[in-house]
Every structure is written in C-alpha cells, then in structure tokens.
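K.L.:
Dropping in data.cif, with mmCIF, C-alpha atoms.
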data_data
loop_
_atom_site.label_atom_id
_atom_site.label_comp_id
_atom_site.auth_asym_id
_atom_site.auth_seq_id
_atom_site.Cartn_x
_atom_site.Cartn_y
_atom_site.Cartn_z
CA MET A 1 -4.65 -32.73 -11.28
CA THR A 2 -2.07 -29.99 -10.77
CA THR A 3 -3.43 -26.45 -10.35
CA ARG A 4 -1.36 -23.82 -12.11
CA ILE A 5 -1.27 -20.74 -9.86
CA LEU A 6 0.09 -17.34 -10.83
CA ILE A 7 0.91 -14.80 -8.10
CA CYS A 8 1.12 -11.26 -9.48
CA ASP A 9 2.43 -8.53 -7.17
CA ASP A 10 5.15 -5.90 -7.52
CA SER A 11 6.24 -6.57 -3.92
CA ALA A 12 8.61 -9.48 -3.32
CA LEU A 13 7.39 -9.66 0.28
CA ALA A 14 3.75 -9.87 -0.82
CA ARG A 15 4.56 -12.62 -3.34
CA LYS A 16 6.36 -14.56 -0.63
CA GLN A 17 3.52 -14.12 1.88
CA MET A 18 0.96 -15.21 -0.70
CA ALA A 19 2.96 -18.31 -1.62
CA ARG A 20 3.37 -19.29 2.02
CA ALA A 21 -0.37 -18.88 2.57
CA LEU A 22 -1.08 -21.73 0.14
CA PRO A 23 -1.73 -25.11 1.80
CA ARG A 24 1.41 -27.25 1.96
CA ALA A 25 -0.50 -30.23 0.58
CA LEU A 26 -1.90 -28.35 -2.40
CA ASN A 27 -1.03 -29.98 -5.71
CA ALA A 28 0.09 -26.79 -7.42
CA ASP A 29 2.61 -25.39 -9.86
CA VAL A 30 3.25 -21.83 -8.65
CA THR A 31 4.76 -19.10 -10.82
CA TYR A 32 5.20 -15.37 -10.26
CA ALA A 33 4.76 -12.09 -12.11
CA LYS A 34 6.22 -8.79 -10.88
CA ASP A 35 3.75 -6.58 -12.76
CA GLY A 36 0.57 -6.62 -14.81
CA LYS A 37 2.30 -6.85 -18.19
CA GLU A 38 4.28 -9.92 -17.16
CA ALA A 39 1.12 -11.53 -15.79
CA LEU A 40 -0.75 -11.00 -19.06
CA GLU A 41 2.11 -12.58 -21.02
CA ARG A 42 1.80 -15.70 -18.91
CA LEU A 43 -1.99 -15.73 -19.17
CA ARG A 44 -1.89 -15.38 -22.95
CA GLY A 45 0.41 -18.40 -22.94
CA HIS A 46 -2.22 -20.34 -20.94
CA GLN A 47 0.16 -20.81 -18.01
CA ALA A 48 -2.32 -20.33 -15.14
CA ASP A 49 -5.70 -21.65 -13.99
CA LEU A 50 -5.90 -19.36 -10.95
CA MET A 51 -4.29 -15.97 -10.37
CA PHE A 52 -3.83 -14.01 -7.15
CA LEU A 53 -3.66 -10.40 -8.31
CA ASP A 54 -2.51 -7.24 -6.55
CA LEU A 55 -4.27 -3.98 -7.41
CA ASN A 56 -1.65 -1.34 -6.65
CA MET A 57 1.20 -1.84 -9.16
CA PRO A 58 3.26 0.48 -11.42
CA GLU A 59 2.67 0.83 -15.16
CA MET A 60 -0.34 -1.51 -15.29
CA ASP A 61 -2.41 -1.89 -12.13
CA GLY A 62 -4.73 -4.72 -11.20
CA TYR A 63 -7.83 -2.97 -12.52
CA GLN A 64 -6.23 -2.69 -15.95
CA VAL A 65 -5.18 -6.35 -15.87
CA LEU A 66 -8.77 -7.38 -15.12
CA GLU A 67 -10.03 -5.22 -17.98
CA VAL A 68 -7.66 -6.94 -20.43
CA ILE A 69 -8.58 -10.39 -19.14
CA ARG A 70 -12.24 -9.64 -19.74
CA LYS A 71 -11.63 -8.02 -23.14
CA GLU A 72 -9.47 -10.88 -24.43
CA ASP A 73 -11.52 -13.55 -22.63
CA LEU A 74 -8.40 -15.10 -21.10
CA PRO A 75 -9.12 -18.45 -19.38
CA VAL A 76 -8.19 -17.76 -15.74
CA LEU A 77 -10.01 -17.27 -12.45
CA THR A 78 -8.76 -14.27 -10.51
CA ILE A 79 -8.74 -13.55 -6.79
CA VAL A 80 -7.65 -10.01 -5.93
CA VAL A 81 -5.24 -9.64 -3.00
CA SER A 82 -4.93 -6.01 -1.96
CA GLY A 83 -4.25 -3.56 0.84
CA ASP A 84 -6.95 -1.33 -0.64
CA ILE A 85 -9.94 -2.38 1.46
CA GLN A 86 -12.39 0.33 0.38
CA PRO A 87 -15.85 -1.16 -0.31
CA GLU A 88 -15.76 0.57 -3.69
CA ALA A 89 -12.54 -1.29 -4.59
CA ARG A 90 -14.18 -4.63 -3.87
CA GLU A 91 -17.22 -3.71 -5.93
CA ARG A 92 -15.13 -2.54 -8.87
CA VAL A 93 -13.00 -5.69 -9.11
CA ARG A 94 -16.06 -7.92 -8.93
CA LYS A 95 -17.65 -5.99 -11.80
CA LEU A 96 -14.43 -6.55 -13.76
CA GLY A 97 -14.64 -10.30 -13.25
CA ALA A 98 -12.66 -11.13 -10.10
CA ILE A 99 -14.24 -14.07 -8.27
CA ASP A 100 -13.19 -12.88 -4.81
CA PHE A 101 -11.14 -10.43 -2.76
CA ILE A 102 -8.56 -11.00 0.00
CA ARG A 103 -7.23 -8.17 2.15
CA LYS A 104 -3.52 -7.90 2.92
CA PRO A 105 -1.61 -9.14 4.81
CA THR A 106 -2.65 -12.57 3.55
CA GLU A 107 -4.18 -14.98 6.07
CA PRO A 108 -3.68 -18.71 5.28
CA GLY A 109 -7.08 -19.63 6.75
CA ILE A 110 -8.93 -17.35 4.33
CA VAL A 111 -6.88 -18.63 1.37
CA LEU A 112 -7.64 -22.23 2.37
CA THR A 113 -11.37 -21.53 2.57
CA LEU A 114 -11.44 -19.89 -0.87
CA LEU A 115 -9.45 -22.71 -2.47
CA LYS A 116 -11.96 -25.19 -1.06
CA ASP A 117 -14.98 -23.10 -2.08
CA TYR A 118 -13.82 -22.81 -5.68
CA GLY A 119 -12.81 -26.44 -6.01
CA PHE A 120 -9.03 -26.03 -6.15
CA TYR A 121 -8.33 -27.90 -2.93
CA ASN A 122 -9.83 -31.04 -1.43
CA PRO A 123 -7.91 -32.00 1.72
CA GLY A 124 -9.46 -35.48 1.62
CA GLU A 125 -7.49 -36.41 -1.48
CA VAL A 126 -3.92 -37.69 -1.58
CA GLU A 127 -1.91 -34.76 -2.84
CA THR A 128 1.60 -33.67 -3.67
CA THR A 129 2.91 -30.16 -4.02
CA ALA A 130 5.18 -28.21 -6.32
CA LEU A 131 5.36 -25.44 -3.72
CA ASN A 132 8.22 -25.79 -1.24
CA ASP A 133 10.91 -23.70 0.39
CA SER A 134 13.33 -24.20 -2.48
CA ALA A 135 10.72 -22.90 -4.91
CA LEU A 136 10.54 -19.68 -2.94
CA THR A 137 14.22 -18.92 -3.43
CA ALA A 138 14.98 -20.65 -6.71
CA ASP A 139 17.34 -19.11 -9.25
CA ALA A 140 16.10 -17.19 -12.26
CA GLY A 141 15.04 -19.35 -15.17
CA THR A 142 13.14 -21.99 -13.21
CA SER A 143 9.41 -22.25 -13.75
CA ALA A 144 8.44 -21.94 -10.10
CA GLY A 145 11.12 -19.62 -8.81
CA ASP A 146 11.41 -15.87 -8.68
CA PRO A 147 14.79 -14.36 -7.84
CA ALA A 148 13.07 -11.24 -6.52
CA LEU A 149 11.65 -13.26 -3.63
CA SER A 150 14.68 -12.18 -1.64
CA VAL A 151 13.20 -9.24 0.28
CA SER A 152 14.99 -5.94 0.91
CA LEU A 153 14.23 -3.52 3.73
CA ASN A 154 12.82 -1.03 1.22
CA ASP A 155 10.51 -3.66 -0.25
CA TYR A 156 9.39 -4.67 3.24
CA LEU A 157 8.59 -1.09 4.24
CA GLN A 158 6.84 -0.40 0.95
CA GLU A 159 4.51 -3.36 1.46
CA VAL A 160 3.88 -2.52 5.13
CA SER A 161 3.11 1.05 4.05
CA ASN A 162 0.85 -0.19 1.28
CA VAL A 163 -1.30 -2.06 3.79
CA ALA A 164 -1.33 0.90 6.19
CA MET A 165 -2.27 3.25 3.36
CA GLY A 166 -5.17 0.96 2.49
CA ARG A 167 -6.54 1.30 6.01
CA SER A 168 -6.21 5.07 6.13
CA SER A 169 -7.71 5.42 2.64
CA ASP A 170 -10.64 3.24 3.67
CA LEU A 171 -11.33 5.46 6.67
CA LEU A 172 -11.06 8.60 4.54
CA ALA A 173 -13.32 7.12 1.86
CA ARG A 174 -16.01 6.20 4.39
CA LEU A 175 -15.94 9.59 6.10
CA LEU A 176 -16.00 11.63 2.89
CA ARG A 177 -17.99 9.18 0.74
CA VAL A 178 -15.39 9.25 -2.01
CA PHE A 179 -13.06 6.78 -3.70
CA VAL A 180 -9.40 7.24 -2.82
CA LYS A 181 -7.00 6.27 -5.59
CA GLN A 182 -4.08 4.27 -4.24
CA SER A 183 -0.55 5.48 -4.98
CA ILE A 184 2.52 3.30 -4.61
CA PRO A 185 4.40 4.26 -1.42
CA LYS A 186 7.93 5.51 -2.01
CA VAL A 187 10.67 4.49 0.41
CA ALA A 188 14.18 5.97 0.50
CA PHE A 189 17.04 6.93 2.82
CA ILE A 190 17.63 10.64 2.53
CA ALA A 191 19.52 13.36 4.35
CA ASN A 192 17.52 15.91 6.32
CA SER A 193 18.81 18.68 4.09
CA GLU A 194 17.49 16.91 0.99
CA LEU A 195 14.09 15.99 2.38
CA HIS A 196 12.17 18.34 0.10
CA MET A 197 13.60 16.45 -2.90
CA ALA A 198 11.84 13.28 -1.76
CA ILE A 199 8.38 14.77 -2.14
CA SER A 200 7.51 13.81 -5.69
CA ALA A 201 3.93 15.16 -5.61
CA ALA A 202 4.91 18.71 -4.67
CA GLN A 203 4.77 21.39 -7.34
CA ASN A 204 7.14 24.33 -7.19
CA ASP A 205 4.50 26.88 -8.13
CA HIS A 206 2.11 25.79 -5.36
CA THR A 207 2.08 26.70 -1.69
CA TYR A 208 1.36 24.23 1.08
CA SER A 209 0.50 24.05 4.75
CA ALA A 210 1.88 21.37 7.03
CA VAL A 211 1.32 19.68 10.36
CA CYS A 212 3.65 17.20 12.08
CA GLN A 213 3.19 14.64 14.85
CA GLY A 214 5.91 12.62 16.54
CA PHE A 215 5.58 8.94 17.43
CA THR A 216 7.59 6.37 19.37
CA GLY A 217 7.48 2.66 20.03
CA ALA A 218 9.75 -0.11 21.26
CA GLY A 219 12.78 0.24 18.99
CA ILE A 220 11.27 2.77 16.62
CA ALA A 221 10.79 6.55 16.52
CA GLY A 222 10.00 9.26 14.03
CA GLU A 223 7.45 11.80 12.97
CA ALA A 224 4.60 12.04 10.52
CA LEU A 225 4.18 15.08 8.28
CA LEU A 226 1.01 16.07 6.46
CA LEU A 227 1.52 18.39 3.47
CA PHE A 228 -1.70 19.90 2.22
CA ALA A 229 -1.96 22.04 -0.92
CA ASP A 230 -3.47 25.43 -0.11
CA ALA A 231 -5.69 25.27 -3.19
CA SER A 232 -7.45 22.24 -1.67
CA PHE A 233 -8.65 23.84 1.58
CA THR A 234 -12.04 25.19 0.51
CA GLU A 235 -13.13 21.99 -1.22
CA MET A 236 -11.99 19.85 1.70
CA ALA A 237 -13.83 22.09 4.20
CA GLU A 238 -16.96 21.62 2.12
CA MET A 239 -16.52 17.83 2.08
CA LEU A 240 -16.06 17.86 5.87
CA HIS A 241 -19.34 19.81 6.18
CA TYR A 242 -17.91 22.86 7.91
CA GLU A 243 -20.22 25.84 8.29
CA ASP A 244 -17.47 28.26 7.28
CA LEU A 245 -15.44 27.28 4.22
CA GLU A 246 -12.70 29.92 4.21
CA GLY A 247 -10.38 31.63 6.67
CA GLU A 248 -7.22 30.79 8.61
CA ALA A 249 -9.10 29.17 11.48
CA VAL A 250 -10.88 26.86 9.03
CA ASN A 251 -7.59 25.98 7.33
CA VAL A 252 -6.03 24.97 10.64
CA GLU A 253 -9.12 22.91 11.47
CA VAL A 254 -8.85 21.11 8.13
CA LEU A 255 -5.18 20.39 8.76
CA MET A 256 -5.85 19.00 12.22
CA ASP A 257 -8.83 16.90 11.13
CA MET A 258 -6.97 15.44 8.16
CA SER A 259 -3.88 14.68 10.22
CA SER A 260 -6.03 12.98 12.86
CA ILE A 261 -7.72 10.79 10.22
CA LEU A 262 -4.62 9.88 8.23
CA PHE A 263 -1.93 9.72 10.92
CA GLY A 264 -4.06 7.67 13.30
CA ALA A 265 -5.13 5.02 10.79
CA PHE A 266 -1.79 4.87 8.97
CA LEU A 267 0.38 4.60 12.08
CA LYS A 268 -1.94 2.04 13.66
CA GLY A 269 -1.66 0.02 10.46
CA ILE A 270 2.13 0.20 10.70
CA GLY A 271 2.09 -0.70 14.39
CA ASP A 272 -0.24 -3.67 13.94
CA GLN A 273 2.04 -5.17 11.30
CA LEU A 274 5.16 -4.58 13.41
CA ASN A 275 3.37 -5.94 16.48
CA LEU A 276 3.91 -2.84 18.61
CA ASN A 277 1.96 0.08 20.01
CA LEU A 278 3.01 3.48 18.76
CA GLY A 279 2.61 6.40 21.13
CA LEU A 280 1.66 9.66 19.42
CA GLY A 281 2.73 13.15 20.46
CA HIS A 282 0.69 16.31 20.00
CA PRO A 283 0.21 17.55 16.41
CA THR A 284 1.91 20.85 15.59
CA VAL A 285 1.34 23.18 12.65
CA LEU A 286 4.71 23.71 10.94
CA GLY A 287 3.57 26.56 8.75
CA GLN A 288 0.95 27.75 6.31
CA HIS A 289 0.90 28.97 2.72
CA ARG A 290 4.59 28.39 2.08
CA GLN A 291 6.86 26.56 -0.34
CA ILE A 292 7.83 22.99 0.55
CA THR A 293 11.46 23.97 1.13
CA GLU A 294 10.41 26.58 3.69
CA LEU A 295 8.11 24.18 5.53
CA LEU A 296 10.93 21.67 5.93
CA GLU A 297 13.57 24.16 7.09
CA HIS A 298 13.53 22.75 10.62
CA HIS A 299 15.01 19.50 9.26
CA SER A 300 17.70 20.98 7.02
CA SER A 301 20.13 21.90 9.81
CA ARG A 302 20.24 18.36 11.21
CA GLU A 303 22.83 15.90 9.92
CA GLU A 304 20.92 12.69 10.57
CA ARG A 305 19.71 10.61 7.66
CA LEU A 306 16.06 9.64 7.67
CA LEU A 307 14.18 6.67 6.30
CA CYS A 308 11.42 8.43 4.40
CA ILE A 309 8.09 6.91 3.35
CA GLU A 310 5.94 9.06 1.08
CA VAL A 311 2.25 8.37 0.48
CA SER A 312 0.03 10.50 -1.75
CA TYR A 313 -3.74 10.55 -1.33
CA VAL A 314 -5.78 11.34 -4.43
CA LEU A 315 -9.54 11.71 -4.17
CA GLU A 316 -11.25 10.63 -7.36
CA ASP A 317 -12.90 13.50 -9.29
CA ARG A 318 -11.65 16.04 -6.72
CA ASP A 319 -8.93 18.66 -7.01
CA ILE A 320 -7.37 17.84 -3.66
CA GLN A 321 -3.67 17.19 -3.10
CA CYS A 322 -2.50 15.66 0.13
CA ASP A 323 0.83 14.00 0.98
CA VAL A 324 1.90 12.14 4.11
CA LEU A 325 5.57 11.61 4.95
CA ILE A 326 6.63 9.12 7.59
CA LEU A 327 10.17 9.95 8.72
CA LEU A 328 11.92 7.19 10.67
CA THR A 329 15.18 7.81 12.50
CA GLU A 330 18.32 5.85 11.64
CA ASP A 331 18.11 4.30 15.10
CA SER A 332 14.88 2.59 13.99
CA VAL A 333 16.61 0.58 11.24
CA PRO A 334 17.96 -2.31 13.42
CA PHE A 335 14.47 -3.00 14.77
CA LEU A 336 12.98 -2.95 11.27
CA GLU A 337 15.67 -5.27 9.94
CA GLN A 338 14.99 -7.66 12.81
CA ARG A 339 11.26 -7.69 11.97
CA LEU A 340 12.05 -8.31 8.31
CA GLU A 341 14.34 -11.22 9.15
CA TYR A 342 11.60 -12.73 11.30
CA LEU A 343 9.04 -12.44 8.50
CA VAL A 344 11.11 -13.98 5.74
CA ASP A 345 12.64 -16.86 7.72
#
What do you get writing this file as structure tokens?
P.N.:
Amino acid sequence: MTTRILICDDSALARKQMARALPRALNADVTYAKDGKEALERLRGHQADLMFLDLNMPEMDGYQVLEVIRKEDLPVLTIVVSGDIQPEARERVRKLGAIDFIRKPTEPGIVLTLLKDYGFYNPGEVETTALNDSALTADAGTSAGDPALSVSLNDYLQEVSNVAMGRSSDLLARLLRVFVKQSIPKVAFIANSELHMAISAAQNDHTYSAVCQGFTGAGIAGEALLLFADASFTEMAEMLHYEDLEGEAVNVEVLMDMSSILFGAFLKGIGDQLNLNLGLGHPTVLGQHRQITELLEHHSSREERLLCIEVSYVLEDRDIQCDVLILLTEDSVPFLEQRLEYLVD
C-alpha cells in the first residue's frame, strides 16, 4: 500500500531536507504545502495519510493547523518537525493531537524509527517508491513536485536562523521559566545607511539600548546586535532575580546577560549547521535610551552592504521587546553560497 505523505513547511530547504530524510525504499506518494492554509486544503481533500508539519509559518502556524485538524476531525496523523525545541512546544503540540515531534535539522535515522514505530514502513517488505530526485525538482502542476524546492540563499539563511533561534529560545525559556513565541527570521541585503529600516519590530516612539559583539570563522565574519526596549528593563531584571531592579548599572547588567544568553546559543546554532567554530569578540554597549537610528549611527557612514538577519524574541504574557540582528559582511556570501550548494546537491 502506498502511503500518502504531506510535507508542510514555508521553507523550501526544510521541505527538501524532510523529503530526503524519508527512506529511499518507502512506498510513498509525497506532496508539499508551503503554508498551513495550503496544507488544510489538501487534508480536506483527503490527500494525505501522514503529515510532517512545521510550527513556525506565516499567516497560519502549525499550532493553528493542528487546532483545525482536531476541530474538523480530519483523517491524518501528524508529526511536527520544528526548530522550536522548548519543552512547552512539545507538550502543546501533543495536546493538540500531534503523534510525535522531530527537531530540525531533520535526521534520517529518527524519521526511519518513527515510520517503523507507527507502521508506515516495514523494511522487510518488497517496496517501491514515488520519492526520487526528479520528484524533488519537478515542474509545477505535478502531484509530487514543488517548484519552490529550488533553494535560494535567503531561504537557506532563514531556515538556518530558524533552527538557531529555536536553540536560543529554548535556553531563554529554561532560564526564565517562560514560553518564547517564535517569530519568522527576516533575511535581507541592506546598505549600512539603511540598517535601521530593516528592524521591523522597532517603534519610533520608543527608546532602546544596544550591545554588539563581533564574530569570525573560516570564511565568515560579522557582528551580532541586541536591541532591548528600555521599557522592558525592570521586568527583565525581576525575571533574572536581581536584587536591584532599577538603575543604569542594572540596565547594563541586563544587556550583558541577555546578549550572553542569546548571542552564545544563536551563534553556536549557526556555527553547528555551517560546520565551523565561530570566535566571539568582547561585547560592547553601543548606547542606552536612544532611538534606533542613533544607536546604529556607527554603521551609517560605511558603504558596505550587509546581509542582515533579524530575529525577534517575544515572551508570552510579558511586556518585553528584544531584537537580535546578525550582520554578515559581503565577504561572507561566497562561503554561504558554497555551503548552500553542498546542502542541496
């Protein structure tokens, strides 16, 4: 019997990695959905027996898809595949009906074990497969193909950042005993002088404080910036269990602690996926209680374009705003393109 498998993820790279993690001998008809709405259309048409579902997607995320599946009693078994590895995320998807959870990046051995455990794969049987290399790059209109499986550099960096964000959010969630809502990383080339325009979470009527930390690796270099809303300092100091909750010294301590937590975990997540060790410089406070444009003045006079990755951290039920920018130099692009080519070959 052929197993109808639906892979739902907004990232072309993630869809491709998930498809390649399926056993070559699996008798499967594999289709793809680029978002939750498209997935539900296929499920309502009874086009899938098993779905691999991402959580962090635009418009309709994986949690919402699971809620609709349960509400409409759609006949599909769902395994969540996500970079969000917080224990609370796992618990929530199980309560919503997911049968299991796989962390990104996808490991074929784990996928194989789950397919065996749930009766979708018996390697002792004689099997054929509808999943092959041509299916991964088929033209639009075919049942198994997805034209978006050609992966761009932006898509690659967004997915790498998504996994790294999941690791840093998990660390933050464990330390603060909160649930960190996952944003979708934004990736764009932008001139230094326009950097402030890339920060979508910033509000013009708010002031921020910032800390930066440079990093280098074989073929890659850049800096990480933490932008912290001034209105969030007192609440964050309380969550970090400081004795004193207000004052400039406390604010600097919050900045340094948060940068240590987020930069360390995020950049290690990036480095692990790129298979390199990133050396970190010393963190430096750029400024306090200023507008975003003022904090980024030191970039505006430079002509170089930057590859900018923006990640927003939102703590559930807390009024805390925190943004991390990863700024990669143009000289880093050839290395990243080489890594992308290696992954998709």
K.L.:
Carefully work through the PyMOL selection byres ((chain A and resi 6) around 10) for this structure and note down the residues it includes, as a PyMOL selection string.
P.N.:
chain A and resi 3-5+7-9+15+19+29-33+39+42-43+47-53+76+78+144
K.L.:
Under the PyMOL selection byres ((chain A and resi 321-333) around 7), which residues of this model are included? Write them out as a list in words.
P.N.:
Gly219, Ile220, Ala221, Gly222, Glu223, Ala224, Leu225, Leu226, Leu227, Phe228, Ala229, Ser232, Arg305, Leu306, Leu307, Cys308, Ile309, Glu310, Val311, Ser312, Tyr313, Val314, Asp319, Ile320, Pro334, Phe335, Leu336 and Glu337 of chain A
K.L.:
Determine the residue membership of the PyMOL selection byres ((chain A and resi 285-289) around 10) for the file above and supply it as a PDB file with C-alpha atoms, keeping the file's coordinate frame.
P.N.:
ATOM      1  CA  HIS A 206       2.110  25.790  -5.360  1.00  0.00           C
ATOM      2  CA  THR A 207       2.080  26.700  -1.690  1.00  0.00           C
ATOM      3  CA  TYR A 208       1.360  24.230   1.080  1.00  0.00           C
ATOM      4  CA  SER A 209       0.500  24.050   4.750  1.00  0.00           C
ATOM      5  CA  ALA A 210       1.880  21.370   7.030  1.00  0.00           C
ATOM      6  CA  VAL A 211       1.320  19.680  10.360  1.00  0.00           C
ATOM      7  CA  CYS A 212       3.650  17.200  12.080  1.00  0.00           C
ATOM      8  CA  GLN A 213       3.190  14.640  14.850  1.00  0.00           C
ATOM      9  CA  LEU A 225       4.180  15.080   8.280  1.00  0.00           C
ATOM     10  CA  LEU A 226       1.010  16.070   6.460  1.00  0.00           C
ATOM     11  CA  LEU A 227       1.520  18.390   3.470  1.00  0.00           C
ATOM     12  CA  PHE A 228      -1.700  19.900   2.220  1.00  0.00           C
ATOM     13  CA  ALA A 229      -1.960  22.040  -0.920  1.00  0.00           C
ATOM     14  CA  ASP A 230      -3.470  25.430  -0.110  1.00  0.00           C
ATOM     15  CA  ALA A 231      -5.690  25.270  -3.190  1.00  0.00           C
ATOM     16  CA  GLU A 248      -7.220  30.790   8.610  1.00  0.00           C
ATOM     17  CA  ASN A 251      -7.590  25.980   7.330  1.00  0.00           C
ATOM     18  CA  VAL A 252      -6.030  24.970  10.640  1.00  0.00           C
ATOM     19  CA  LEU A 255      -5.180  20.390   8.760  1.00  0.00           C
ATOM     20  CA  MET A 256      -5.850  19.000  12.220  1.00  0.00           C
ATOM     21  CA  PRO A 283       0.210  17.550  16.410  1.00  0.00           C
ATOM     22  CA  THR A 284       1.910  20.850  15.590  1.00  0.00           C
ATOM     23  CA  ARG A 290       4.590  28.390   2.080  1.00  0.00           C
ATOM     24  CA  GLN A 291       6.860  26.560  -0.340  1.00  0.00           C
ATOM     25  CA  ILE A 292       7.830  22.990   0.550  1.00  0.00           C
ATOM     26  CA  GLU A 294      10.410  26.580   3.690  1.00  0.00           C
ATOM     27  CA  LEU A 295       8.110  24.180   5.530  1.00  0.00           C
ATOM     28  CA  LEU A 296      10.930  21.670   5.930  1.00  0.00           C
ATOM     29  CA  GLU A 297      13.570  24.160   7.090  1.00  0.00           C
ATOM     30  CA  HIS A 298      13.530  22.750  10.620  1.00  0.00           C
TER      31      HIS A 298
END
K.L.:
Rounded to one decimal, what separation in Å do you get between atom CA of A:Arg174 and atom CA of A:Ser260?
P.N.:
14.7 Å
K.L.:
How many Å lie between atom CA of A:Leu176 and atom CA of A:Asp61, rounded to one decimal?
P.N.:
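That distance, rounded to one decimal, is 24.4 Å.
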K.L.:
I'd like the neighbourhood of A:Asp54 as a PyMOL selection string, where a residue qualifies if any of its atoms comes within 9 Å (using all atoms listed in the file), though same-chain residues fewer than 2 positions away should be ignored.
P.N.:
chain A and resi 7-10+14+35-36+52+56-57+61-62+79-83
K.L.:
Take the residues just selected and output them with C-alpha atoms as a short mmCIF file (atom, residue, chain, number, x, y, z; two decimals), keeping the file's coordinate frame.
P.N.:
data_model
loop_
_atom_site.label_atom_id
_atom_site.label_comp_id
_atom_site.auth_asym_id
_atom_site.auth_seq_id
_atom_site.Cartn_x
_atom_site.Cartn_y
_atom_site.Cartn_z
CA ILE A 7 0.91 -14.80 -8.10
CA CYS A 8 1.12 -11.26 -9.48
CA ASP A 9 2.43 -8.53 -7.17
CA ASP A 10 5.15 -5.90 -7.52
CA ALA A 14 3.75 -9.87 -0.82
CA ASP A 35 3.75 -6.58 -12.76
CA GLY A 36 0.57 -6.62 -14.81
CA PHE A 52 -3.83 -14.01 -7.15
CA ASN A 56 -1.65 -1.34 -6.65
CA MET A 57 1.20 -1.84 -9.16
CA ASP A 61 -2.41 -1.89 -12.13
CA GLY A 62 -4.73 -4.72 -11.20
CA ILE A 79 -8.74 -13.55 -6.79
CA VAL A 80 -7.65 -10.01 -5.93
CA VAL A 81 -5.24 -9.64 -3.00
CA SER A 82 -4.93 -6.01 -1.96
CA GLY A 83 -4.25 -3.56 0.84
#
K.L.:
Select, from A:Glu41, A:Leu274, A:Glu316, A:Gly279, the residue with the minimum atom-to-atom distance to A:Glu88, counting only C-alpha atoms.
P.N.:
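Of A:Glu41, A:Leu274, A:Glu316, A:Gly279, the one nearest A:Glu88, counting only C-alpha atoms, is A:Glu316.
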K.L.:
Please measure the separation of atom CA of A:Ala21 and atom CA of A:Leu115, giving the value in Å to one decimal.
P.N.:
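Result for atom CA of A:Ala21 versus atom CA of A:Leu115: 11.1 Å, one decimal.
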K.L.:
Within 9 Å of stretch 94-96 of chain A, counting all atoms listed in the file, which residues show up once you throw out same-chain ones fewer than 3 positions away? Write them as a short mmCIF file (atom, residue, chain, number, x, y, z; two decimals) with C-alpha atoms, in the frame of the given file, please.
P.N.:
data_model
loop_
_atom_site.label_atom_id
_atom_site.label_comp_id
_atom_site.auth_asym_id
_atom_site.auth_seq_id
_atom_site.Cartn_x
_atom_site.Cartn_y
_atom_site.Cartn_z
CA TYR A 63 -7.83 -2.97 -12.52
CA LEU A 66 -8.77 -7.38 -15.12
CA GLU A 67 -10.03 -5.22 -17.98
CA ILE A 69 -8.58 -10.39 -19.14
CA ARG A 70 -12.24 -9.64 -19.74
CA ALA A 89 -12.54 -1.29 -4.59
CA ARG A 90 -14.18 -4.63 -3.87
CA GLU A 91 -17.22 -3.71 -5.93
CA ILE A 99 -14.24 -14.07 -8.27
CA ASP A 100 -13.19 -12.88 -4.81
CA PHE A 101 -11.14 -10.43 -2.76
#
K.L.:
Tell me which protein, DNA and RNA residues are within 7 Å of stretch 152-162 of chain A, counting all atoms listed in the file, leaving out same-chain ones fewer than 4 positions away, and put them as a ChimeraX atom specification.
P.N.:
/A:11-14,83,166,185-187,270,273,337,340
K.L.:
Starting from the point (-8.6, -1.7, 6.8), work out which residues of protein, DNA or RNA have an atom no more than 12 Å away when counting all atoms listed in the file; state them as a ChimeraX atom specification.
P.N.:
/A:82-87,102-105,162-174,265-266,268-270,272
